[in-house]
$ cat protein_27.txt   # compact mmCIF, C-alpha atoms
# COMPACT_ATOMS: atom_id res chain seq x y z
CA MET A 1 260.03 282.31 79.83
CA HIS A 2 258.07 280.77 77.03
CA PRO A 3 255.09 278.34 77.34
CA THR A 4 255.35 275.72 74.63
CA PRO A 5 252.91 272.85 74.04
CA LEU A 6 254.41 269.49 73.07
CA PRO A 7 251.84 267.43 71.12
CA ALA A 8 251.14 263.98 72.59
CA PHE A 9 248.76 261.16 71.73
CA GLU A 10 245.96 262.27 69.39
CA ASP A 11 245.19 265.70 70.82
CA ASN A 12 246.96 266.14 74.18
CA TYR A 13 249.41 268.89 74.99
CA ILE A 14 252.30 268.51 77.42
CA TRP A 15 253.14 272.07 78.43
CA THR A 16 256.66 273.25 79.06
CA LEU A 17 257.67 276.58 80.54
CA ARG A 18 261.23 277.16 79.49
CA GLY A 19 263.80 279.78 80.41
CA ASP A 20 266.45 281.01 78.04
CA ASP A 21 268.96 278.58 79.56
CA GLY A 22 266.78 275.56 78.76
CA ARG A 23 265.64 274.93 82.33
CA ALA A 24 261.95 274.08 82.25
CA ILE A 25 258.82 273.10 84.10
CA VAL A 26 256.92 270.21 82.50
CA VAL A 27 253.14 270.02 82.97
CA ASP A 28 251.04 266.85 82.61
CA PRO A 29 253.41 264.55 80.67
CA GLY A 30 251.01 261.82 79.62
CA GLU A 31 253.80 260.19 77.66
CA ALA A 32 257.54 260.57 77.96
CA GLY A 33 258.56 260.60 74.30
CA PRO A 34 257.80 264.25 73.47
CA VAL A 35 259.66 265.44 76.58
CA LEU A 36 262.66 263.23 75.86
CA ALA A 37 262.76 264.54 72.30
CA ALA A 38 262.65 268.11 73.59
CA ALA A 39 265.46 267.27 76.02
CA ASP A 40 267.59 266.07 73.12
CA ALA A 41 267.07 269.58 71.69
CA GLY A 42 268.16 271.31 74.91
CA LEU A 43 265.21 271.16 77.33
CA ARG A 44 266.36 270.69 80.95
CA PRO A 45 263.39 269.64 83.13
CA GLN A 46 263.53 271.00 86.67
CA ALA A 47 260.13 269.85 87.96
CA ILE A 48 256.89 268.21 86.84
CA LEU A 49 253.47 269.66 87.66
CA LEU A 50 250.41 267.39 87.51
CA THR A 51 246.83 268.68 87.46
CA HIS A 52 244.89 265.43 87.87
CA HIS A 53 245.21 261.66 87.88
CA HIS A 54 244.11 260.64 84.36
CA ALA A 55 246.62 258.47 82.55
CA ASP A 56 246.92 260.77 79.55
CA HIS A 57 248.28 263.41 81.94
CA ILE A 58 250.57 261.36 84.21
CA GLY A 59 251.47 258.25 82.18
CA GLY A 60 254.94 259.41 81.15
CA VAL A 61 256.19 260.41 84.59
CA GLU A 62 257.79 257.10 85.57
CA GLU A 63 259.90 257.01 82.42
CA LEU A 64 260.94 260.63 82.91
CA LEU A 65 262.01 259.84 86.47
CA ARG A 66 264.20 257.04 85.15
CA ARG A 67 265.94 259.64 82.99
CA TRP A 68 266.03 262.28 85.75
CA PRO A 69 265.93 260.56 89.18
CA GLY A 70 264.87 262.89 91.95
CA LEU A 71 263.02 265.30 89.67
CA PRO A 72 260.32 266.94 91.84
CA VAL A 73 256.78 265.89 90.93
CA LEU A 74 254.05 268.14 92.35
CA ALA A 75 250.51 266.79 92.28
CA PRO A 76 247.16 267.01 94.05
CA ASP A 77 246.53 264.93 97.15
CA ASP A 78 245.18 261.86 95.38
CA ASP A 79 246.38 258.28 95.89
CA ARG A 80 245.72 257.64 92.20
CA ILE A 81 248.90 259.62 91.48
CA PRO A 82 251.56 257.39 93.08
CA VAL A 83 254.45 259.16 91.29
CA ALA A 84 254.08 262.39 93.28
CA SER A 85 256.98 263.50 95.44
CA ARG A 86 255.04 266.44 96.87
CA ARG A 87 251.32 266.93 97.39
CA VAL A 88 250.00 270.45 96.94
CA GLY A 89 246.59 271.91 97.65
CA ASP A 90 244.33 274.92 97.37
CA ASP A 91 245.81 278.38 97.96
CA GLU A 92 249.31 276.94 98.36
CA ARG A 93 252.17 278.79 96.69
CA VAL A 94 254.92 276.67 95.20
CA GLU A 95 258.35 278.01 94.33
CA LEU A 96 260.69 276.05 92.09
CA GLY A 97 263.93 277.78 91.20
CA GLY A 98 262.89 280.89 89.33
CA TRP A 99 259.23 279.86 89.04
CA ALA A 100 256.36 280.49 91.44
CA PHE A 101 252.78 279.28 91.10
CA ASP A 102 249.59 279.57 93.09
CA VAL A 103 247.66 276.33 93.37
CA LEU A 104 243.91 276.50 92.77
CA ALA A 105 241.52 273.68 93.61
CA VAL A 106 239.22 273.29 90.60
CA PRO A 107 237.07 270.16 91.16
CA GLY A 108 234.60 269.05 88.55
CA HIS A 109 236.38 267.03 85.89
CA THR A 110 237.84 265.06 88.82
CA VAL A 111 237.31 265.74 92.50
CA SER A 112 240.99 266.43 93.18
CA HIS A 113 241.78 268.48 90.06
CA ILE A 114 244.06 271.47 90.59
CA ALA A 115 245.39 274.27 88.40
CA PHE A 116 248.63 276.23 88.57
CA HIS A 117 248.62 280.00 88.05
CA GLY A 118 251.74 282.10 87.76
CA HIS A 119 253.87 284.19 85.39
CA GLY A 120 250.71 285.25 83.58
CA LEU A 121 249.93 281.62 82.76
CA LEU A 122 247.20 279.19 83.78
CA PHE A 123 247.92 275.48 83.54
CA CYS A 124 244.37 274.20 83.94
CA GLY A 125 244.52 270.59 82.72
CA ASP A 126 241.06 269.45 81.67
CA THR A 127 238.96 271.94 83.65
CA LEU A 128 238.87 274.76 81.12
CA PHE A 129 239.42 274.35 77.38
CA SER A 130 239.41 276.94 74.67
CA LEU A 131 235.69 277.38 73.85
CA GLY A 132 234.78 274.55 76.22
CA CYS A 133 235.26 272.80 79.54
CA GLY A 134 235.95 269.28 80.72
CA ARG A 135 233.37 266.59 81.24
CA MET A 136 232.26 266.08 84.83
CA PHE A 137 233.51 262.56 85.45
CA GLU A 138 233.51 262.93 89.24
CA GLY A 139 232.32 266.38 90.28
CA THR A 140 228.94 268.09 90.34
CA PRO A 141 227.68 270.94 88.15
CA ALA A 142 227.90 273.29 91.15
CA GLN A 143 231.54 272.33 91.73
CA MET A 144 232.48 272.68 88.08
CA LEU A 145 230.76 276.04 87.69
CA ALA A 146 232.44 277.33 90.85
CA SER A 147 235.80 276.18 89.47
CA LEU A 148 235.20 277.92 86.15
CA ASP A 149 234.02 281.07 87.95
CA ARG A 150 237.25 281.03 89.92
CA LEU A 151 239.37 280.76 86.79
CA ALA A 152 237.34 283.43 85.00
CA ALA A 153 238.11 285.85 87.84
CA LEU A 154 241.86 285.74 87.09
CA PRO A 155 243.36 288.64 85.10
CA GLY A 156 242.06 288.83 81.56
CA ASP A 157 245.51 288.71 79.99
CA THR A 158 246.24 285.33 81.61
CA LEU A 159 247.27 282.79 79.00
CA VAL A 160 245.17 279.62 79.14
CA CYS A 161 247.37 276.53 78.75
CA CYS A 162 244.92 273.64 78.74
CA GLY A 163 245.47 269.94 78.18
CA HIS A 164 243.94 269.28 74.76
CA GLU A 165 243.65 270.73 71.27
CA TYR A 166 239.85 270.83 71.29
CA THR A 167 239.26 274.37 70.04
CA LEU A 168 237.71 273.62 66.66
CA SER A 169 235.60 270.73 67.92
CA ASN A 170 234.37 272.94 70.76
CA ALA A 171 233.74 275.76 68.28
CA ALA A 172 230.89 273.91 66.60
CA PHE A 173 228.99 273.70 69.87
CA ALA A 174 229.82 277.25 70.90
CA ARG A 175 228.46 278.50 67.57
CA ALA A 176 225.27 276.48 68.08
CA VAL A 177 224.80 278.21 71.43
CA GLU A 178 225.70 281.74 70.31
CA PRO A 179 225.52 281.97 66.51
CA ASP A 180 225.46 285.77 66.59
CA ASN A 181 228.49 286.31 68.83
CA PRO A 182 231.00 288.33 66.73
CA ALA A 183 233.92 287.61 69.06
CA LEU A 184 233.25 283.90 68.66
CA ALA A 185 233.16 284.21 64.87
CA ARG A 186 236.56 285.91 64.94
CA ARG A 187 238.00 283.27 67.28
CA ILE A 188 236.80 280.44 65.04
CA GLU A 189 238.29 282.06 61.96
CA GLU A 190 241.57 282.59 63.80
CA ALA A 191 241.64 279.00 65.09
CA GLN A 192 240.93 277.57 61.65
CA ALA A 193 243.85 279.53 60.20
CA MET A 194 246.14 278.34 62.98
CA ARG A 195 245.31 274.69 62.47
CA GLN A 196 245.54 274.94 58.69
CA SER A 197 249.08 276.23 59.10
CA GLY A 198 249.96 273.50 61.60
CA ARG A 199 250.01 275.78 64.64
CA PRO A 200 248.33 275.12 68.00
CA THR A 201 245.32 277.26 68.88
CA LEU A 202 246.72 277.64 72.39
CA PRO A 203 247.41 279.39 74.59
CA SER A 204 244.33 281.56 74.39
CA THR A 205 243.66 284.52 76.66
CA LEU A 206 241.25 284.35 79.55
CA ALA A 207 239.55 287.55 78.37
CA GLY A 208 239.02 285.94 74.98
CA GLU A 209 237.52 282.87 76.61
CA CYS A 210 235.16 285.02 78.68
CA ASP A 211 233.95 286.60 75.43
CA THR A 212 233.50 283.36 73.49
CA ASN A 213 233.35 280.26 75.70
CA PRO A 214 229.72 279.37 76.49
CA PHE A 215 230.69 277.68 79.75
CA LEU A 216 232.09 280.97 81.04
CA ARG A 217 229.00 282.81 79.77
CA VAL A 218 226.11 281.12 81.59
CA ASP A 219 224.92 284.56 82.73
CA ALA A 220 224.81 285.98 79.19
CA PRO A 221 221.21 286.46 77.99
CA ALA A 222 221.92 284.78 74.65
CA VAL A 223 223.33 281.69 76.36
CA ARG A 224 220.45 281.49 78.84
CA ALA A 225 217.95 281.81 75.99
CA ALA A 226 219.68 279.09 73.94
CA VAL A 227 219.71 276.71 76.89
CA ALA A 228 216.05 277.40 77.64
CA SER A 229 215.14 276.76 74.01
CA GLN A 230 217.13 273.52 73.92
CA ALA A 231 215.78 272.26 77.25
CA GLY A 232 212.21 273.36 76.60
CA HIS A 233 212.10 275.42 79.79
CA ALA A 234 214.11 278.09 81.55
CA PRO A 235 216.51 276.61 84.12
CA GLY A 236 215.91 277.79 87.66
CA ASP A 237 219.33 279.30 88.36
CA ARG A 238 222.82 279.61 86.91
CA VAL A 239 223.91 276.18 88.21
CA ALA A 240 220.93 274.62 86.46
CA THR A 241 221.79 276.61 83.34
CA PHE A 242 225.36 275.30 83.44
CA ALA A 243 224.19 271.72 84.03
CA ALA A 244 221.79 271.90 81.08
CA LEU A 245 224.50 273.43 78.90
CA ARG A 246 226.93 270.62 79.79
CA ARG A 247 224.27 267.96 79.09
CA TRP A 248 223.61 269.60 75.72
CA LYS A 249 227.30 269.51 74.91
CA ASP A 250 227.62 265.87 76.02
CA GLY A 251 225.05 264.82 73.44
CA PHE A 252 225.97 267.35 70.75
CA ARG A 253 226.92 266.23 67.25
CA ALA A 254 228.01 268.84 64.75

$ encode --input "protein_27.txt" --output "structure tokens"
Amino acid sequence: MHPTPLPAFEDNYIWTLRGDDGRAIVVDPGEAGPVLAAADAGLRPQAILLTHHHADHIGGVEELLRRWPGLPVLAPDDDRIPVASRRVGDDERVELGGWAFDVLAVPGHTVSHIAFHGHGLLFCGDTLFSLGCGRMFEGTPAQMLASLDRLAALPGDTLVCCGHEYTLSNAAFARAVEPDNPALARRIEEAQAMRQSGRPTLPSTLAGECDTNPFLRVDAPAVRAAVASQAGHAPGDRVATFAALRRWKDGFRA
């Protein structure tokens, strides 16, 4: 099975997990067009997985259901996702044909955000990005950090399939936080080469993110020191460090 990102809008990815026979899971189809185009080339959607309610992740579902009536749509328990046919929650295991995923509650970006983990893959929506994390539109710093800690505890070879191509924009901030991180320098060079050749920078590996992503590295001395320098004081604990790091990122301009 092969995870493939379908570009959508300006920088979204609709993820597909496709078997050799064309049967596929579709994750967060914010618009229908890319999925319909893939179907014309042989993709056979079997189910849709939704991580959260934002329109750029669910906006294409209704049109896809007109093409494939009865297609299962699995989503978090949130009334803002009216297209769901099945609500799934934390620690639930979902089985769909030959696929099986564990559902992880990862609040922070939204309060009902979930992720799907299975087959060595993590479909994490807008919670974790390569070299970054989502904005906290609804959750608290403590919730978001706990969600990221939970994802970081998954096996290091897990492939991170997130919802946006943000790697290079996140890289500028990550380098400001840890300018002397050699793993980060290598990741930036790699990502630049990928984009220059028209390739996505995703999926990344979770181990790679733990080595380079400042939001997974709030306990690293270099990150703590950078946050303290930026804030003018040392945060009291790791939640405060994360909150200060996220505020820094929110106002950061390369």

$ atom_distance --input "protein_27.txt" --atom1 "atom CA of Pro5 of chain A" --atom2 "atom CA of Pro34 of chain A"
9.9 Å

$ closest_atom_pairs --input "protein_27.txt" --of "segment 100-159 of chain A" --to "segment 236-244 of chain A" --cutoff "12 Å" --atoms "only C-alpha atoms" --output "JSON lines"
{"residue": "A:Gly108", "atom": "CA", "partner": "A:Ala243", "partner_atom": "CA", "distance": 11.7}
{"residue": "A:Gly132", "atom": "CA", "partner": "A:Phe242", "partner_atom": "CA", "distance": 11.9}
{"residue": "A:Cys133", "atom": "CA", "partner": "A:Phe242", "partner_atom": "CA", "distance": 10.9}
{"residue": "A:Arg135", "atom": "CA", "partner": "A:Ala243", "partner_atom": "CA", "distance": 10.9}
{"residue": "A:Met136", "atom": "CA", "partner": "A:Ala243", "partner_atom": "CA", "distance": 9.9}
{"residue": "A:Gly139", "atom": "CA", "partner": "A:Ala243", "partner_atom": "CA", "distance": 11.6}
{"residue": "A:Thr140", "atom": "CA", "partner": "A:Ala243", "partner_atom": "CA", "distance": 8.7}
{"residue": "A:Pro141", "atom": "CA", "partner": "A:Ala243", "partner_atom": "CA", "distance": 5.5}
{"residue": "A:Ala142", "atom": "CA", "partner": "A:Val239", "partner_atom": "CA", "distance": 5.7}
{"residue": "A:Gln143", "atom": "CA", "partner": "A:Val239", "partner_atom": "CA", "distance": 9.2}
{"residue": "A:Met144", "atom": "CA", "partner": "A:Phe242", "partner_atom": "CA", "distance": 8.9}
{"residue": "A:Leu145", "atom": "CA", "partner": "A:Val239", "partner_atom": "CA", "distance": 6.9}
{"residue": "A:Ala146", "atom": "CA", "partner": "A:Val239", "partner_atom": "CA", "distance": 9.0}
{"residue": "A:Ser147", "atom": "CA", "partner": "A:Val239", "partner_atom": "CA", "distance": 12.0}
{"residue": "A:Leu148", "atom": "CA", "partner": "A:Phe242", "partner_atom": "CA", "distance": 10.5}
{"residue": "A:Asp149", "atom": "CA", "partner": "A:Val239", "partner_atom": "CA", "distance": 11.2}

$ closest_residue --input "protein_27.txt" --among "A:Pro76, A:Pro155, A:Gly163, A:Pro182" --to "Thr205 of chain A" --atoms "all atoms listed in the file"
A:Pro155

$ residues_near_point --input "protein_27.txt" --point "(245.0, 278.8, 97.3)" --cutoff "9 Å" --atoms "only C-alpha atoms" --output "number ranges by chain"
A: 89-93, 102-105

$ closest_residue --input "protein_27.txt" --among "A:Phe252, A:Trp99, A:Phe123, A:Phe129" --to "Cys161 of chain A" --atoms "all atoms listed in the file"
A:Phe123

$ atom_distance --input "protein_27.txt" --atom1 "atom CA of Gly30 of chain A" --atom2 "atom CA of Gln196 of chain A"
25.3 Å

$ build_atoms --input "protein_27.txt" --residues "segment 238-253 of chain A" --atoms "N, CA and C atoms" --output "PDB file, in the frame of the given file"
ATOM      1  N   ARG A 238     221.652 279.713  87.784  1.00  0.00           N
ATOM      2  CA  ARG A 238     222.820 279.610  86.910  1.00  0.00           C
ATOM      3  C   ARG A 238     223.478 278.227  86.984  1.00  0.00           C
ATOM      4  N   VAL A 239     223.377 277.546  88.135  1.00  0.00           N
ATOM      5  CA  VAL A 239     223.910 276.180  88.210  1.00  0.00           C
ATOM      6  C   VAL A 239     223.096 275.259  87.300  1.00  0.00           C
ATOM      7  N   ALA A 240     221.785 275.415  87.334  1.00  0.00           N
ATOM      8  CA  ALA A 240     220.930 274.620  86.460  1.00  0.00           C
ATOM      9  C   ALA A 240     221.184 274.949  84.992  1.00  0.00           C
ATOM     10  N   THR A 241     221.453 276.209  84.711  1.00  0.00           N
ATOM     11  CA  THR A 241     221.790 276.610  83.340  1.00  0.00           C
ATOM     12  C   THR A 241     223.080 275.925  82.900  1.00  0.00           C
ATOM     13  N   PHE A 242     224.090 275.961  83.762  1.00  0.00           N
ATOM     14  CA  PHE A 242     225.360 275.300  83.440  1.00  0.00           C
ATOM     15  C   PHE A 242     225.160 273.800  83.239  1.00  0.00           C
ATOM     16  N   ALA A 243     224.409 273.165  84.134  1.00  0.00           N
ATOM     17  CA  ALA A 243     224.190 271.720  84.030  1.00  0.00           C
ATOM     18  C   ALA A 243     223.496 271.367  82.723  1.00  0.00           C
ATOM     19  N   ALA A 244     222.496 272.155  82.337  1.00  0.00           N
ATOM     20  CA  ALA A 244     221.790 271.900  81.080  1.00  0.00           C
ATOM     21  C   ALA A 244     222.708 272.128  79.887  1.00  0.00           C
ATOM     22  N   LEU A 245     223.551 273.143  79.979  1.00  0.00           N
ATOM     23  CA  LEU A 245     224.500 273.430  78.900  1.00  0.00           C
ATOM     24  C   LEU A 245     225.492 272.279  78.735  1.00  0.00           C
ATOM     25  N   ARG A 246     225.986 271.729  79.846  1.00  0.00           N
ATOM     26  CA  ARG A 246     226.930 270.620  79.790  1.00  0.00           C
ATOM     27  C   ARG A 246     226.250 269.358  79.242  1.00  0.00           C
ATOM     28  N   ARG A 247     225.006 269.117  79.635  1.00  0.00           N
ATOM     29  CA  ARG A 247     224.270 267.960  79.090  1.00  0.00           C
ATOM     30  C   ARG A 247     224.080 268.113  77.588  1.00  0.00           C
ATOM     31  N   TRP A 248     223.764 269.318  77.152  1.00  0.00           N
ATOM     32  CA  TRP A 248     223.610 269.600  75.720  1.00  0.00           C
ATOM     33  C   TRP A 248     224.904 269.292  74.985  1.00  0.00           C
ATOM     34  N   LYS A 249     226.002 269.759  75.539  1.00  0.00           N
ATOM     35  CA  LYS A 249     227.300 269.510  74.910  1.00  0.00           C
ATOM     36  C   LYS A 249     227.617 268.029  74.875  1.00  0.00           C
ATOM     37  N   ASP A 250     227.303 267.299  75.953  1.00  0.00           N
ATOM     38  CA  ASP A 250     227.620 265.870  76.020  1.00  0.00           C
ATOM     39  C   ASP A 250     226.950 265.095  74.889  1.00  0.00           C
ATOM     40  N   GLY A 251     225.768 265.530  74.492  1.00  0.00           N
ATOM     41  CA  GLY A 251     225.050 264.820  73.440  1.00  0.00           C
ATOM     42  C   GLY A 251     225.130 265.485  72.080  1.00  0.00           C
ATOM     43  N   PHE A 252     225.938 266.545  71.982  1.00  0.00           N
ATOM     44  CA  PHE A 252     225.970 267.350  70.750  1.00  0.00           C
ATOM     45  C   PHE A 252     226.752 266.649  69.653  1.00  0.00           C
ATOM     46  N   ARG A 253     226.214 266.700  68.447  1.00  0.00           N
ATOM     47  CA  ARG A 253     226.920 266.230  67.250  1.00  0.00           C
ATOM     48  C   ARG A 253     226.837 267.332  66.196  1.00  0.00           C
TER      49      ARG A 253
END
